[in-house]
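*Asks:* The structure's right below; bear with me while I get my questions together.
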Amino acid sequence: MQKLLPLFLILALLFSCGAEPSATENTAIQSDTAPAPAPEKALPAEYDANAPDNHLRPNYHFTPPAGWMNDPNGMIYHEGEYHLFYQYYPDGNKWGPMHWGHAVSPDMIEWEHLPIALYPDEKGYIFSGSAVFDWQNSSGLGTADNPPLVAIYTYHDMAGEKAGRDDFQSQAIAFSTDKGRTWTKYDGNPVIPNRGVRDFRDPKVIWDADHSQWVMVLAAQDRVQFFGSPNLTDWTFLSEFGENARNHSGVWECPELFPLTVMETQDDAWVLTVSINPGGANGGSGTFYFPGDWDGKSFSPRREAIFSPTDTVNWIDYGRDNYAGVTFSNAPDGRRTFMGWMSNWNYAQVVPTESWRSAMTIPRDLSLHATDFGTRLRQQPVEELKKMRTKNLPLDFPRIGDGVTNIDLSELGTNGAYEVDLTIDLVDSDATELNLTLSNKNGDVFYRIGYSRARGVTNAFFTDRRQAGPTDFHEKFAPESLTVAPRWSNDGELRIHAYFDRTSAETFFDEGDPVITDIFFPEEPFTMLTLEVSGSSGEGMPEGWSLVKGDIWGLE
């Protein structure tokens, strides 16, 4: 396997989804529009095998070989390849003039870096967007025998922004007729000029088969707007949504609209996802969703959801490090597969990696379910991840008793990359808390995952990275509060399924709702797992929890 190689003022700062942080935080930002395009087919910045921060590079998550990366863009499956484009600045490790980096994979696990796909030009930086396969050649940009891939992206005119105008973002397209290897920008750009909205960006396009049209959703500051087109070049405004919806703690960004079938009822439904910064579930940037319906012109959210007393938003991820995620277009077998940027705008530019910055989450298959808490989205790690499993360490004891159970992971030999999957029975015990702690051999640097039904975290999951390595690079990286997610299940069995990769943890609770994603930066690999149960009363019930099943795998 390839080792892959008050936070803002709404009218002044433009964090995330291709948007730039304030100039005071990034000396790499240029004062005008981007320079002329670099030579064609230039590869990304070169990976440095001797970089002092290579021990912090993930083993199996996608990372740029060098330079700065943020949002995933243009994700599409085409002719046996998954294409991942991404917001990329090859000339520095902080946000700068945005390009579209590019990589391809047969399985979303092993990635091949390709030449940079789109460069900034006289119209501006290349901000976030999407890609579709125009199989009918509706755009006329290919032929009937060789229809094109079409990328839809935002132009960001830095000179216009600095001049104080509101019309410095517009939507444009580019096309490819050679399986995405080279791209030509459309002569008629922009295809959607600015409509007088300062934050007007991040177009995500889908084919709406029921209404025979291409549909674009994009962010328009505190709402999303929908446009329709017969051909990807001529667009008509359809509607907007979100002005009166929940969660306006920050600017809305990187939206996506897609259909999913409700598994239990087989009803057709649509899901609208939106990223926001700030305003995330546990601080900084985050992504939430609305289950609803689409009639070809407007989106209507479903109103049946029952929320917990402490949660009024449907979060895709409660962790601090999953932002701007979208799904692959044209995926086989009707899959709806999601990847996000595994960082947070609070601290992304100052994390303790220097030769490269940021990784993507693992790919996750999405499904929609009718639950006791309304219509909810669930996530499962894609099946392709199983090919990384090496040695198995089964947890074959019947109970996790009160106290501490230590498990040595060093024999797996995978340098901090593990999959942990265990299910416990909640009914046969009155224990109040379960902790899974991953640590170094001395136990003084650790990351903790837990479930609690007491101690102020009632029937909820939590994570704690305060002792998981350096935290002083930013005050909001590891605040005193835990990262907390409510439990969205009434089932008597509880599942904790976690993927660790040297400097990250992605934990899928129960059947994939909720999920918590965290990054951290230990100087040496975590090689010990400690299971700890507390709170059993001893009054007529056995101590600890029954272990229904448990497995640990090394991953490489």
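Lettering and numbering for the structure tokens are positional, with chains as A, B, ... in the shown order, residues counted from 1 in each chain, and ligands counted from 1 in the shown order.
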Per DSSP on the backbone, filter region 370-450 of chain A down to the residues in strand (DSSP E or B) and report them as a tab-separated table (two decimals) with all heavy atoms, in the first residue's frame.

*Replies:*
chain	number	residue	atom	x	y	z
A	370	ALA	N	-35.44	5.26	9.36
A	370	ALA	CA	-36.54	5.68	10.23
A	370	ALA	C	-36.25	5.15	11.62
A	370	ALA	O	-36.17	3.95	11.83
A	370	ALA	CB	-37.86	5.15	9.70
A	371	THR	N	-36.09	6.06	12.59
A	371	THR	CA	-35.68	5.67	13.94
A	371	THR	C	-36.65	6.24	14.97
A	371	THR	O	-37.57	7.00	14.64
A	371	THR	CB	-34.27	6.20	14.26
A	371	THR	OG1	-34.34	7.61	14.55
A	371	THR	CG2	-33.31	5.97	13.10
A	374	GLY	N	-36.65	10.04	14.69
A	374	GLY	CA	-36.88	10.67	13.40
A	374	GLY	C	-36.05	10.03	12.31
A	374	GLY	O	-35.42	8.99	12.50
A	375	THR	N	-36.04	10.65	11.14
A	375	THR	CA	-35.28	10.16	10.00
A	375	THR	C	-33.83	10.59	10.15
A	375	THR	O	-33.54	11.79	10.18
A	375	THR	CB	-35.86	10.70	8.68
A	375	THR	OG1	-37.26	10.41	8.62
A	375	THR	CG2	-35.16	10.09	7.49
A	376	ARG	N	-32.93	9.59	10.24
A	376	ARG	CA	-31.55	9.92	10.57
A	376	ARG	C	-30.58	9.25	9.61
A	376	ARG	O	-30.80	8.15	9.11
A	376	ARG	CB	-31.22	9.52	12.01
A	376	ARG	CG	-32.03	10.32	13.05
A	376	ARG	CD	-31.46	10.18	14.44
A	376	ARG	NE	-30.07	10.59	14.53
A	376	ARG	CZ	-29.67	11.86	14.65
A	376	ARG	NH1	-30.56	12.84	14.65
A	376	ARG	NH2	-28.38	12.14	14.74
A	377	LEU	N	-29.47	9.94	9.41
A	377	LEU	CA	-28.40	9.47	8.54
A	377	LEU	C	-27.42	8.63	9.35
A	377	LEU	O	-27.04	9.00	10.46
A	377	LEU	CB	-27.68	10.68	7.96
A	377	LEU	CG	-26.85	10.53	6.69
A	377	LEU	CD1	-27.72	10.10	5.52
A	377	LEU	CD2	-26.15	11.86	6.38
A	378	ARG	N	-27.04	7.48	8.80
A	378	ARG	CA	-26.02	6.63	9.42
A	378	ARG	C	-24.83	6.50	8.47
A	378	ARG	O	-24.97	6.58	7.26
A	378	ARG	CB	-26.58	5.25	9.76
A	378	ARG	CG	-27.62	5.29	10.87
A	378	ARG	CD	-28.23	3.91	11.12
A	378	ARG	NE	-29.24	3.96	12.17
A	378	ARG	CZ	-30.07	2.96	12.46
A	378	ARG	NH1	-29.98	1.82	11.77
A	378	ARG	NH2	-30.95	3.08	13.42
A	379	GLN	N	-23.66	6.26	9.07
A	379	GLN	CA	-22.43	6.12	8.31
A	379	GLN	C	-21.76	4.80	8.69
A	379	GLN	O	-21.71	4.45	9.86
A	379	GLN	CB	-21.47	7.26	8.62
A	379	GLN	CG	-22.04	8.65	8.39
A	379	GLN	CD	-21.14	9.74	8.93
A	379	GLN	OE1	-20.01	9.90	8.48
A	379	GLN	NE2	-21.63	10.49	9.90
A	380	GLN	N	-21.22	4.12	7.69
A	380	GLN	CA	-20.44	2.92	7.93
A	380	GLN	C	-19.14	3.01	7.15
A	380	GLN	O	-19.14	3.44	5.98
A	380	GLN	CB	-21.20	1.67	7.49
A	380	GLN	CG	-22.33	1.29	8.42
A	380	GLN	CD	-21.84	0.91	9.81
A	380	GLN	OE1	-20.78	0.32	9.98
A	380	GLN	NE2	-22.63	1.25	10.83
A	381	PRO	N	-18.02	2.63	7.76
A	381	PRO	CA	-16.77	2.57	7.00
A	381	PRO	C	-16.95	1.68	5.77
A	381	PRO	O	-17.58	0.62	5.86
A	381	PRO	CB	-15.77	1.96	7.99
A	381	PRO	CG	-16.38	2.18	9.35
A	381	PRO	CD	-17.87	2.16	9.15
A	389	ARG	N	-6.78	-5.08	6.82
A	389	ARG	CA	-6.62	-5.84	8.06
A	389	ARG	C	-5.45	-6.82	7.95
A	389	ARG	O	-5.29	-7.51	6.96
A	389	ARG	CB	-7.90	-6.61	8.37
A	389	ARG	CG	-9.06	-5.73	8.78
A	389	ARG	CD	-10.32	-6.57	8.95
A	389	ARG	NE	-11.45	-5.78	9.46
A	389	ARG	CZ	-12.69	-6.24	9.58
A	389	ARG	NH1	-12.95	-7.50	9.23
A	389	ARG	NH2	-13.65	-5.47	10.04
A	390	THR	N	-4.66	-6.84	9.01
A	390	THR	CA	-3.56	-7.79	9.10
A	390	THR	C	-3.87	-8.76	10.24
A	390	THR	O	-4.88	-9.44	10.22
A	390	THR	CB	-2.22	-7.06	9.29
A	390	THR	OG1	-2.28	-6.26	10.49
A	390	THR	CG2	-1.92	-6.17	8.11
A	391	LYS	N	-3.03	-8.83	11.23
A	391	LYS	CA	-3.22	-9.76	12.33
A	391	LYS	C	-4.44	-9.38	13.17
A	391	LYS	O	-4.69	-8.21	13.44
A	391	LYS	CB	-1.97	-9.78	13.21
A	391	LYS	CG	-2.00	-10.81	14.31
A	391	LYS	CD	-0.69	-10.83	15.08
A	391	LYS	CE	-0.71	-11.87	16.18
A	391	LYS	NZ	0.58	-11.90	16.94
A	392	ASN	N	-5.18	-10.40	13.59
A	392	ASN	CA	-6.36	-10.20	14.41
A	392	ASN	C	-6.06	-10.53	15.87
A	392	ASN	O	-5.37	-11.50	16.17
A	392	ASN	CB	-7.51	-11.10	13.92
A	392	ASN	CG	-8.73	-11.04	14.82
A	392	ASN	OD1	-9.14	-12.05	15.37
A	392	ASN	ND2	-9.30	-9.87	14.99
A	393	LEU	N	-6.58	-9.69	16.75
A	393	LEU	CA	-6.45	-9.91	18.18
A	393	LEU	C	-7.86	-10.00	18.75
A	393	LEU	O	-8.49	-8.98	19.06
A	393	LEU	CB	-5.67	-8.76	18.81
A	393	LEU	CG	-5.24	-8.89	20.27
A	393	LEU	CD1	-4.29	-10.07	20.44
A	393	LEU	CD2	-4.54	-7.60	20.72
A	394	PRO	N	-8.42	-11.19	18.88
A	394	PRO	CA	-9.80	-11.30	19.37
A	394	PRO	C	-9.88	-11.03	20.87
A	394	PRO	O	-8.99	-11.39	21.63
A	394	PRO	CB	-10.17	-12.75	19.06
A	394	PRO	CG	-8.88	-13.48	19.03
A	394	PRO	CD	-7.85	-12.50	18.52
A	399	ARG	N	-16.67	-10.98	29.89
A	399	ARG	CA	-17.09	-9.70	30.48
A	399	ARG	C	-15.91	-8.75	30.58
A	399	ARG	O	-14.75	-9.17	30.70
A	399	ARG	CB	-17.67	-9.90	31.89
A	399	ARG	CG	-18.92	-10.72	31.99
A	399	ARG	CD	-19.51	-10.66	33.39
A	399	ARG	NE	-20.08	-9.35	33.72
A	399	ARG	CZ	-21.28	-8.95	33.33
A	399	ARG	NH1	-22.05	-9.73	32.60
A	399	ARG	NH2	-21.74	-7.77	33.67
A	400	ILE	N	-16.25	-7.46	30.50
A	400	ILE	CA	-15.28	-6.42	30.84
A	400	ILE	C	-15.60	-6.03	32.28
A	400	ILE	O	-16.59	-5.35	32.54
A	400	ILE	CB	-15.38	-5.20	29.93
A	400	ILE	CG1	-15.30	-5.62	28.45
A	400	ILE	CG2	-14.28	-4.21	30.25
A	400	ILE	CD1	-15.54	-4.47	27.48
A	402	ASP	N	-15.33	-4.55	36.27
A	402	ASP	CA	-14.95	-3.28	36.88
A	402	ASP	C	-13.44	-3.24	37.04
A	402	ASP	O	-12.79	-4.25	37.33
A	402	ASP	CB	-15.61	-3.15	38.26
A	402	ASP	CG	-16.97	-2.49	38.16
A	402	ASP	OD1	-17.53	-2.45	37.04
A	402	ASP	OD2	-17.48	-2.02	39.19
A	403	GLY	N	-12.89	-2.07	36.83
A	403	GLY	CA	-11.45	-1.92	36.92
A	403	GLY	C	-10.84	-1.82	35.54
A	403	GLY	O	-11.47	-1.38	34.58
A	404	VAL	N	-9.58	-2.25	35.41
A	404	VAL	CA	-8.78	-2.00	34.22
A	404	VAL	C	-8.38	-3.31	33.56
A	404	VAL	O	-7.93	-4.25	34.22
A	404	VAL	CB	-7.53	-1.18	34.58
A	404	VAL	CG1	-6.59	-1.08	33.38
A	404	VAL	CG2	-7.91	0.21	35.08
A	405	THR	N	-8.55	-3.36	32.23
A	405	THR	CA	-8.07	-4.48	31.41
A	405	THR	C	-7.11	-3.91	30.38
A	405	THR	O	-7.51	-3.09	29.55
A	405	THR	CB	-9.23	-5.19	30.70
A	405	THR	OG1	-10.17	-5.66	31.66
A	405	THR	CG2	-8.71	-6.36	29.87
A	406	ASN	N	-5.84	-4.34	30.43
A	406	ASN	CA	-4.82	-3.82	29.51
A	406	ASN	C	-4.58	-4.80	28.37
A	406	ASN	O	-4.48	-6.02	28.58
A	406	ASN	CB	-3.51	-3.58	30.26
A	406	ASN	CG	-3.61	-2.44	31.25
A	406	ASN	OD1	-4.14	-1.37	30.91
A	406	ASN	ND2	-3.13	-2.64	32.46
A	407	ILE	N	-4.45	-4.27	27.17
A	407	ILE	CA	-4.21	-5.08	25.97
A	407	ILE	C	-3.01	-4.49	25.23
A	407	ILE	O	-3.02	-3.31	24.86
A	407	ILE	CB	-5.45	-5.09	25.06
A	407	ILE	CG1	-6.67	-5.63	25.83
A	407	ILE	CG2	-5.20	-5.89	23.80
A	407	ILE	CD1	-7.98	-5.37	25.13
A	408	ASP	N	-1.99	-5.30	25.01
A	408	ASP	CA	-0.78	-4.86	24.33
A	408	ASP	C	-0.99	-4.96	22.82
A	408	ASP	O	-1.21	-6.05	22.28
A	408	ASP	CB	0.41	-5.73	24.76
A	408	ASP	CG	1.73	-5.24	24.20
A	408	ASP	OD1	1.74	-4.25	23.43
A	408	ASP	OD2	2.76	-5.86	24.52
A	417	ALA	N	-1.74	2.05	13.80
A	417	ALA	CA	-2.90	1.95	12.90
A	417	ALA	C	-3.68	0.69	13.26
A	417	ALA	O	-3.21	-0.44	13.05
A	417	ALA	CB	-2.44	1.89	11.45
A	418	TYR	N	-4.90	0.88	13.80
A	418	TYR	CA	-5.69	-0.23	14.30
A	418	TYR	C	-7.16	-0.03	13.97
A	418	TYR	O	-7.64	1.09	13.79
A	418	TYR	CB	-5.58	-0.36	15.82
A	418	TYR	CG	-4.19	-0.24	16.38
A	418	TYR	CD1	-3.81	0.88	17.10
A	418	TYR	CD2	-3.24	-1.25	16.19
A	418	TYR	CE1	-2.53	1.01	17.62
A	418	TYR	CE2	-1.97	-1.14	16.70
A	418	TYR	CZ	-1.61	0.00	17.41
A	418	TYR	OH	-0.34	0.12	17.91
A	419	GLU	N	-7.88	-1.14	13.95
A	419	GLU	CA	-9.34	-1.14	13.94
A	419	GLU	C	-9.81	-1.86	15.19
A	419	GLU	O	-9.38	-2.98	15.46
A	419	GLU	CB	-9.87	-1.84	12.69
A	419	GLU	CG	-11.39	-1.92	12.64
A	419	GLU	CD	-11.89	-2.75	11.45
A	419	GLU	OE1	-11.06	-3.19	10.63
A	419	GLU	OE2	-13.12	-2.98	11.38
A	420	VAL	N	-10.66	-1.23	15.97
A	420	VAL	CA	-11.21	-1.80	17.19
A	420	VAL	C	-12.72	-1.87	17.04
A	420	VAL	O	-13.36	-0.86	16.71
A	420	VAL	CB	-10.83	-0.98	18.44
A	420	VAL	CG1	-11.47	-1.57	19.69
A	420	VAL	CG2	-9.32	-0.89	18.58
A	421	ASP	N	-13.30	-3.04	17.27
A	421	ASP	CA	-14.74	-3.22	17.10
A	421	ASP	C	-15.25	-4.08	18.25
A	421	ASP	O	-14.92	-5.26	18.35
A	421	ASP	CB	-15.02	-3.90	15.76
A	421	ASP	CG	-16.50	-3.87	15.40
A	421	ASP	OD1	-17.30	-3.34	16.17
A	421	ASP	OD2	-16.84	-4.40	14.32
A	422	LEU	N	-16.05	-3.48	19.13
A	422	LEU	CA	-16.60	-4.26	20.24
A	422	LEU	C	-18.05	-3.88	20.49
A	422	LEU	O	-18.48	-2.75	20.22
A	422	LEU	CB	-15.76	-4.11	21.50
A	422	LEU	CG	-15.56	-2.74	22.14
A	422	LEU	CD1	-16.72	-2.39	23.07
A	422	LEU	CD2	-14.26	-2.70	22.93
A	423	THR	N	-18.80	-4.86	20.98
A	423	THR	CA	-20.20	-4.67	21.32
A	423	THR	C	-20.42	-5.14	22.75
A	423	THR	O	-19.98	-6.25	23.11
A	423	THR	CB	-21.12	-5.44	20.36
A	423	THR	OG1	-20.90	-4.99	19.03
A	423	THR	CG2	-22.58	-5.25	20.73
A	424	ILE	N	-21.10	-4.34	23.56
A	424	ILE	CA	-21.38	-4.71	24.94
A	424	ILE	C	-22.89	-4.75	25.17
A	424	ILE	O	-23.67	-4.13	24.44
A	424	ILE	CB	-20.73	-3.73	25.95
A	424	ILE	CG1	-21.28	-2.30	25.75
A	424	ILE	CG2	-19.23	-3.74	25.82
A	424	ILE	CD1	-20.83	-1.33	26.83
A	425	ASP	N	-23.27	-5.50	26.20
A	425	ASP	CA	-24.67	-5.62	26.60
A	425	ASP	C	-24.93	-4.64	27.74
A	425	ASP	O	-24.35	-4.77	28.83
A	425	ASP	CB	-24.95	-7.05	27.04
A	425	ASP	CG	-26.43	-7.31	27.33
A	425	ASP	OD1	-27.17	-6.34	27.59
A	425	ASP	OD2	-26.84	-8.48	27.31
A	433	GLU	N	-20.05	3.64	33.32
A	433	GLU	CA	-19.12	4.23	32.36
A	433	GLU	C	-18.15	3.19	31.81
A	433	GLU	O	-17.67	2.32	32.55
A	433	GLU	CB	-18.34	5.37	33.00
A	433	GLU	CG	-17.49	6.17	32.01
A	433	GLU	CD	-17.03	7.50	32.61
A	433	GLU	OE1	-17.88	8.29	33.05
A	433	GLU	OE2	-15.81	7.73	32.64
A	434	LEU	N	-17.89	3.30	30.50
A	434	LEU	CA	-16.89	2.48	29.82
A	434	LEU	C	-15.90	3.39	29.13
A	434	LEU	O	-16.31	4.29	28.37
A	434	LEU	CB	-17.55	1.55	28.80
A	434	LEU	CG	-16.60	0.81	27.85
A	434	LEU	CD1	-15.76	-0.21	28.62
A	434	LEU	CD2	-17.39	0.12	26.73
A	435	ASN	N	-14.61	3.17	29.36
A	435	ASN	CA	-13.56	3.93	28.69
A	435	ASN	C	-12.68	3.00	27.87
A	435	ASN	O	-12.30	1.91	28.34
A	435	ASN	CB	-12.66	4.66	29.69
A	435	ASN	CG	-13.38	5.79	30.40
A	435	ASN	OD1	-14.18	6.50	29.79
A	435	ASN	ND2	-13.10	5.97	31.67
A	436	LEU	N	-12.35	3.41	26.65
A	436	LEU	CA	-11.33	2.77	25.84
A	436	LEU	C	-10.20	3.78	25.69
A	436	LEU	O	-10.42	4.87	25.10
A	436	LEU	CB	-11.85	2.38	24.46
A	436	LEU	CG	-12.78	1.18	24.31
A	436	LEU	CD1	-14.16	1.49	24.85
A	436	LEU	CD2	-12.87	0.77	22.85
A	437	THR	N	-9.04	3.48	26.20
A	437	THR	CA	-7.94	4.42	26.19
A	437	THR	C	-6.78	3.86	25.39
A	437	THR	O	-6.26	2.79	25.71
A	437	THR	CB	-7.48	4.74	27.62
A	437	THR	OG1	-8.59	5.24	28.37
A	437	THR	CG2	-6.37	5.79	27.60
A	438	LEU	N	-6.38	4.57	24.36
A	438	LEU	CA	-5.23	4.21	23.54
A	438	LEU	C	-4.06	5.06	24.00
A	438	LEU	O	-4.18	6.28	24.09
A	438	LEU	CB	-5.55	4.47	22.07
A	438	LEU	CG	-4.72	3.74	21.02
A	438	LEU	CD1	-5.01	2.25	21.06
A	438	LEU	CD2	-5.02	4.28	19.63
A	439	SER	N	-2.92	4.42	24.29
A	439	SER	CA	-1.82	5.17	24.88
A	439	SER	C	-0.48	4.67	24.38
A	439	SER	O	-0.36	3.60	23.76
A	439	SER	CB	-1.87	5.07	26.41
A	439	SER	OG	-1.57	3.75	26.83
A	446	PHE	N	-2.16	9.79	25.88
A	446	PHE	CA	-3.28	8.90	25.57
A	446	PHE	C	-4.45	9.65	24.96
A	446	PHE	O	-4.60	10.87	25.12
A	446	PHE	CB	-3.75	8.18	26.84
A	446	PHE	CG	-4.18	9.08	27.95
A	446	PHE	CD1	-5.49	9.56	28.02
A	446	PHE	CD2	-3.28	9.47	28.95
A	446	PHE	CE1	-5.90	10.39	29.06
A	446	PHE	CE2	-3.69	10.31	29.99
A	446	PHE	CZ	-4.99	10.77	30.04
A	447	TYR	N	-5.28	8.88	24.27
A	447	TYR	CA	-6.54	9.35	23.70
A	447	TYR	C	-7.64	8.43	24.21
A	447	TYR	O	-7.47	7.20	24.24
A	447	TYR	CB	-6.48	9.32	22.17
A	447	TYR	CG	-7.79	9.61	21.49
A	447	TYR	CD1	-8.25	10.91	21.35
A	447	TYR	CD2	-8.58	8.58	20.97
A	447	TYR	CE1	-9.45	11.19	20.71
A	447	TYR	CE2	-9.78	8.84	20.34
A	447	TYR	CZ	-10.20	10.16	20.21
A	447	TYR	OH	-11.40	10.43	19.59
A	448	ARG	N	-8.76	9.01	24.59
A	448	ARG	CA	-9.81	8.22	25.26
A	448	ARG	C	-11.14	8.35	24.54
A	448	ARG	O	-11.54	9.45	24.10
A	448	ARG	CB	-9.95	8.67	26.71
A	448	ARG	CG	-11.03	7.94	27.51
A	448	ARG	CD	-10.88	8.24	28.98
A	448	ARG	NE	-9.67	7.61	29.52
A	448	ARG	CZ	-8.97	8.09	30.56
A	448	ARG	NH1	-9.35	9.21	31.17
A	448	ARG	NH2	-7.90	7.44	30.98
A	449	ILE	N	-11.82	7.21	24.42
A	449	ILE	CA	-13.19	7.13	23.92
A	449	ILE	C	-14.04	6.55	25.04
A	449	ILE	O	-13.60	5.63	25.74
A	449	ILE	CB	-13.29	6.20	22.69
A	449	ILE	CG1	-12.38	6.70	21.56
A	449	ILE	CG2	-14.72	6.07	22.21
A	449	ILE	CD1	-12.19	5.68	20.46
A	450	GLY	N	-15.27	7.05	25.22
A	450	GLY	CA	-16.08	6.51	26.30
A	450	GLY	C	-17.57	6.60	26.06
A	450	GLY	O	-18.04	7.32	25.18

*Asks:* Got a sec: who's within 12 Å of Arg57 (chain A), counting only C-alpha atoms, leaving out chain neighbours fewer than 4 positions off, as an mmCIF file with C-alpha atoms, in the first residue's frame?

*Replies:*
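Result file is selection-v2.cif:
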data_model
loop_
_atom_site.group_PDB
_atom_site.id
_atom_site.type_symbol
_atom_site.label_atom_id
_atom_site.label_comp_id
_atom_site.auth_asym_id
_atom_site.auth_seq_id
_atom_site.Cartn_x
_atom_site.Cartn_y
_atom_site.Cartn_z
ATOM 1 C CA LYS A 3 2.086 5.390 2.413
ATOM 2 C CA LEU A 4 0.228 8.509 1.568
ATOM 3 C CA LEU A 5 2.588 10.412 1.293
ATOM 4 C CA TYR A 47 7.034 14.275 -0.949
ATOM 5 C CA ASP A 48 10.089 14.570 1.309
ATOM 6 C CA ALA A 49 11.094 11.147 2.613
ATOM 7 C CA ALA A 51 10.887 15.316 6.554
ATOM 8 C CA PRO A 52 11.044 15.475 10.370
ATOM 9 C CA ASP A 53 7.254 15.232 10.666
ATOM 10 C CA HIS A 61 -5.609 8.232 5.110
ATOM 11 C CA PHE A 62 -5.199 10.415 2.046
ATOM 12 C CA THR A 63 -2.716 13.266 2.488
ATOM 13 C CA PRO A 64 -1.034 15.601 -0.002
ATOM 14 C CA PRO A 65 2.615 14.729 -0.702
ATOM 15 C CA ALA A 66 3.530 18.217 0.498
ATOM 16 C CA PRO A 352 2.474 20.446 14.303
ATOM 17 C CA THR A 353 3.157 19.239 10.776
ATOM 18 C CA GLU A 354 5.360 21.403 8.563
ATOM 19 C CA SER A 355 6.077 19.621 5.272
ATOM 20 C CA TRP A 356 2.369 18.899 4.687
ATOM 21 C CA ARG A 357 -0.921 19.785 6.310
ATOM 22 C CA SER A 358 -4.216 17.934 6.561
ATOM 23 C CA ALA A 359 -5.726 14.562 5.703
ATOM 24 C CA MET A 360 -9.108 13.343 4.502
ATOM 25 C CA ASN A 415 2.671 1.501 14.147
ATOM 26 C CA GLY A 416 -0.463 3.032 15.638
ATOM 27 C CA ALA A 417 -2.898 1.945 12.900
ATOM 28 C CA ASP A 501 -4.306 5.889 12.196
ATOM 29 C CA ARG A 502 -1.273 7.200 14.133
ATOM 30 C CA THR A 503 -2.672 10.724 14.485
ATOM 31 C CA SER A 504 -6.417 10.306 14.160
ATOM 32 C CA ILE A 519 -6.950 14.320 15.213
ATOM 33 C CA PHE A 520 -3.991 14.397 17.651
ATOM 34 C CA PHE A 521 -0.200 14.376 17.411
ATOM 35 C CA PRO A 522 1.644 11.940 19.697
ATOM 36 C CA GLU A 523 5.406 11.775 19.242
ATOM 37 C CA GLU A 524 5.410 7.983 19.433
ATOM 38 C CA PRO A 525 2.783 5.448 18.328
#

*Asks:* Quick one: contact table of region 181-222 of chain A to region 276-279 of chain A, 12 Å max, nearest atom pair and distance in Å to one decimal per residue, counting only C-alpha atoms, chain and number order, as a Markdown table?

*Replies:*
| residue | atom | partner | partner_atom | distance |
| --- | --- | --- | --- | --- |
| A:Ala219 | CA | A:Ile276 | CA | 10.2 |
| A:Ala220 | CA | A:Ile276 | CA | 11.9 |
| A:Gln221 | CA | A:Ile276 | CA | 10.0 |
| A:Asp222 | CA | A:Ile276 | CA | 9.4 |

*Asks:* So that I can check the surroundings of region 290-298 of chain A, please list as a list in words every protein, DNA and RNA residue that reaches within 7 Å of it, counting only C-alpha atoms and ignoring chain neighbours fewer than 6 positions away.

*Replies:*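 What passes the distance filter is His211, Leu238, Ser239, Ala269, Trp270, Val271, Leu272, Thr273, Asn314 and Thr375 of chain A.
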
*Asks:* Filtering to N, CA, C and O atoms, could you give me those residues as a compact mmCIF listing (two decimals), in the first residue's frame?

*Replies:*
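Output file result05.txt follows:
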# COMPACT_ATOMS: atom_id res chain seq x y z
N HIS A 211 -36.83 14.87 -12.98
CA HIS A 211 -37.22 16.13 -13.61
C HIS A 211 -36.32 16.49 -14.79
O HIS A 211 -36.37 17.62 -15.30
N LEU A 238 -33.77 28.46 -9.17
CA LEU A 238 -34.97 27.72 -8.82
C LEU A 238 -35.58 28.17 -7.49
O LEU A 238 -36.77 28.46 -7.41
N SER A 239 -34.77 28.20 -6.44
CA SER A 239 -35.30 28.52 -5.11
C SER A 239 -34.13 28.66 -4.15
O SER A 239 -32.96 28.49 -4.52
N ALA A 269 -36.47 9.72 -0.33
CA ALA A 269 -36.22 10.95 0.42
C ALA A 269 -34.99 11.63 -0.17
O ALA A 269 -34.28 11.07 -1.01
N TRP A 270 -34.74 12.84 0.26
CA TRP A 270 -33.55 13.60 -0.13
C TRP A 270 -32.87 14.11 1.12
O TRP A 270 -33.52 14.33 2.16
N VAL A 271 -31.57 14.28 1.03
CA VAL A 271 -30.77 14.79 2.14
C VAL A 271 -30.03 16.03 1.66
O VAL A 271 -29.42 16.03 0.58
N LEU A 272 -30.09 17.08 2.46
CA LEU A 272 -29.32 18.30 2.21
C LEU A 272 -28.28 18.42 3.31
O LEU A 272 -28.62 18.47 4.50
N THR A 273 -27.01 18.43 2.94
CA THR A 273 -25.94 18.62 3.91
C THR A 273 -25.39 20.03 3.77
O THR A 273 -25.34 20.59 2.68
N ASN A 314 -29.04 18.05 13.39
CA ASN A 314 -28.59 16.74 12.93
C ASN A 314 -27.15 16.85 12.46
O ASN A 314 -26.88 17.36 11.35
N THR A 375 -36.04 10.65 11.14
CA THR A 375 -35.28 10.16 10.00
C THR A 375 -33.83 10.59 10.15
O THR A 375 -33.54 11.79 10.18

*Asks:* Mind giving me the straight-line distance from CA of Gly554 (chain A) to CA of Ala324 (chain A) in Å, one decimal?

*Replies:*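 For CA of Gly554 (chain A) relative to CA of Ala324 (chain A), the distance reads 28.9 Å.
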